[in-house]
Amino acid sequence: MAHWSDYSLRGWLSFLAFMHIGLCLRSFFDPNFLFGKIFHTNIHKETVFIRYFGCYSISQAFILIQSAIHLYVLPLQTITIFLLILFIILILLESFYYCTLDFYGGTLLPFMMSIISLIWLILFHFVWKPWLRVEINEDIVKSGLLHSGHQSHHHNKRNKSQHRYPDRMSSSNHKYGKIHSD
């Protein structure tokens, strides 16, 4: 049985990803979106910045969707954690250091959702570790291993002396790992 947080975390990350898709679309189709609704200053009001923000948002959405689909792939989750930290630092710097963001509903919602997602991902992978609590049904594991292409245990014992891939490695070069070039 899946851990209670599997599907809820996947849904949460998907929702966060679609929020970033919305940010991307609004920044590409509404040139006044960033400077009218998010940033309160008119410094560097160029469309290049808007397109960069749109590309950043769509890449963040793509990584969040992949993170929701492949929840147990730790390297992808560390990229997602890094991306969320980067987004949180961006909002904090722009709000309190550069003073170009107003810290209210338009920026507070993505900020808080990113913090919740970051905490949830860290708890999921480093505290809860649900993959350690899942009961493994041995019949399902055995049936998964015995599909076509896999050999039975007795068949492997009989043919242990033969090399499994004779076309790739010669038996004399196997010790040194040289590729057979016939």
# chains A, B, ... in the order shown; residues from 1 in each chain; ligands from 1
$ residues_around --residues "stretch 106-111 of chain A" --least-positions-apart "2" --cutoff "10 Å" --atoms "only C-alpha atoms" --output "ChimeraX atom specification"
/A:16,19-20,37-39,84,87-92,95,101-104,113-117
$ residues_around --residues "A:Leu9" --least-positions-apart "4" --cutoff "12 Å" --atoms "only C-alpha atoms" --output "PDB file with C-alpha atoms, in the first residue's frame"
ATOM      1  CA  HIS A   3       2.194   5.906   1.855  1.00  0.00           C
ATOM      2  CA  TRP A   4      -0.454   8.558   2.499  1.00  0.00           C
ATOM      3  CA  SER A   5       1.845  11.313   1.284  1.00  0.00           C
ATOM      4  CA  LEU A  13       3.593  19.413  -6.980  1.00  0.00           C
ATOM      5  CA  SER A  14       1.340  19.196 -10.041  1.00  0.00           C
ATOM      6  CA  PHE A  15      -0.741  22.096  -8.762  1.00  0.00           C
ATOM      7  CA  LEU A  16       2.410  24.125  -8.155  1.00  0.00           C
ATOM      8  CA  LEU A  64       7.836  20.063 -10.925  1.00  0.00           C
ATOM      9  CA  ILE A  65       5.676  17.873 -13.181  1.00  0.00           C
ATOM     10  CA  SER A  67       9.097  15.481  -9.905  1.00  0.00           C
ATOM     11  CA  ALA A  68       5.444  14.653  -9.300  1.00  0.00           C
ATOM     12  CA  ILE A  69       5.552  11.744 -11.751  1.00  0.00           C
ATOM     13  CA  HIS A  70       8.893  10.322 -10.600  1.00  0.00           C
ATOM     14  CA  LEU A  71       8.516  10.898  -6.877  1.00  0.00           C
ATOM     15  CA  TYR A  72      11.041   8.269  -5.796  1.00  0.00           C
ATOM     16  CA  GLN A  77      13.951  15.468  -6.200  1.00  0.00           C
ATOM     17  CA  ILE A 116       5.280  24.307   1.912  1.00  0.00           C
ATOM     18  CA  SER A 117       6.464  22.239  -1.066  1.00  0.00           C
ATOM     19  CA  LEU A 118      10.078  22.459   0.062  1.00  0.00           C
ATOM     20  CA  ILE A 119       9.249  21.342   3.601  1.00  0.00           C
ATOM     21  CA  TRP A 120       7.013  18.560   2.283  1.00  0.00           C
ATOM     22  CA  LEU A 121       9.691  17.228  -0.102  1.00  0.00           C
ATOM     23  CA  ILE A 122      12.357  17.292   2.599  1.00  0.00           C
ATOM     24  CA  LEU A 123      10.077  15.493   5.050  1.00  0.00           C
ATOM     25  CA  PHE A 124       9.088  12.948   2.396  1.00  0.00           C
ATOM     26  CA  HIS A 125      12.614  12.005   1.382  1.00  0.00           C
TER      27      HIS A 125
END
$ atom_distance --atom1 "atom CA of A:Asp30" --atom2 "atom CA of A:Phe53"
12.4 Å
$ closest_residue --among "A:Pro130, A:Gly105, A:Gly11, A:Gly22" --to "A:Ile58" --atoms "only C-alpha atoms"
A:Gly22
$ atom_distance --atom1 "atom CA of A:Arg10" --atom2 "atom CA of A:Tyr56"
21.0 Å
$ atom_distance --atom1 "atom CA of A:Tyr52" --atom2 "atom CA of A:Trp12"
25.0 Å
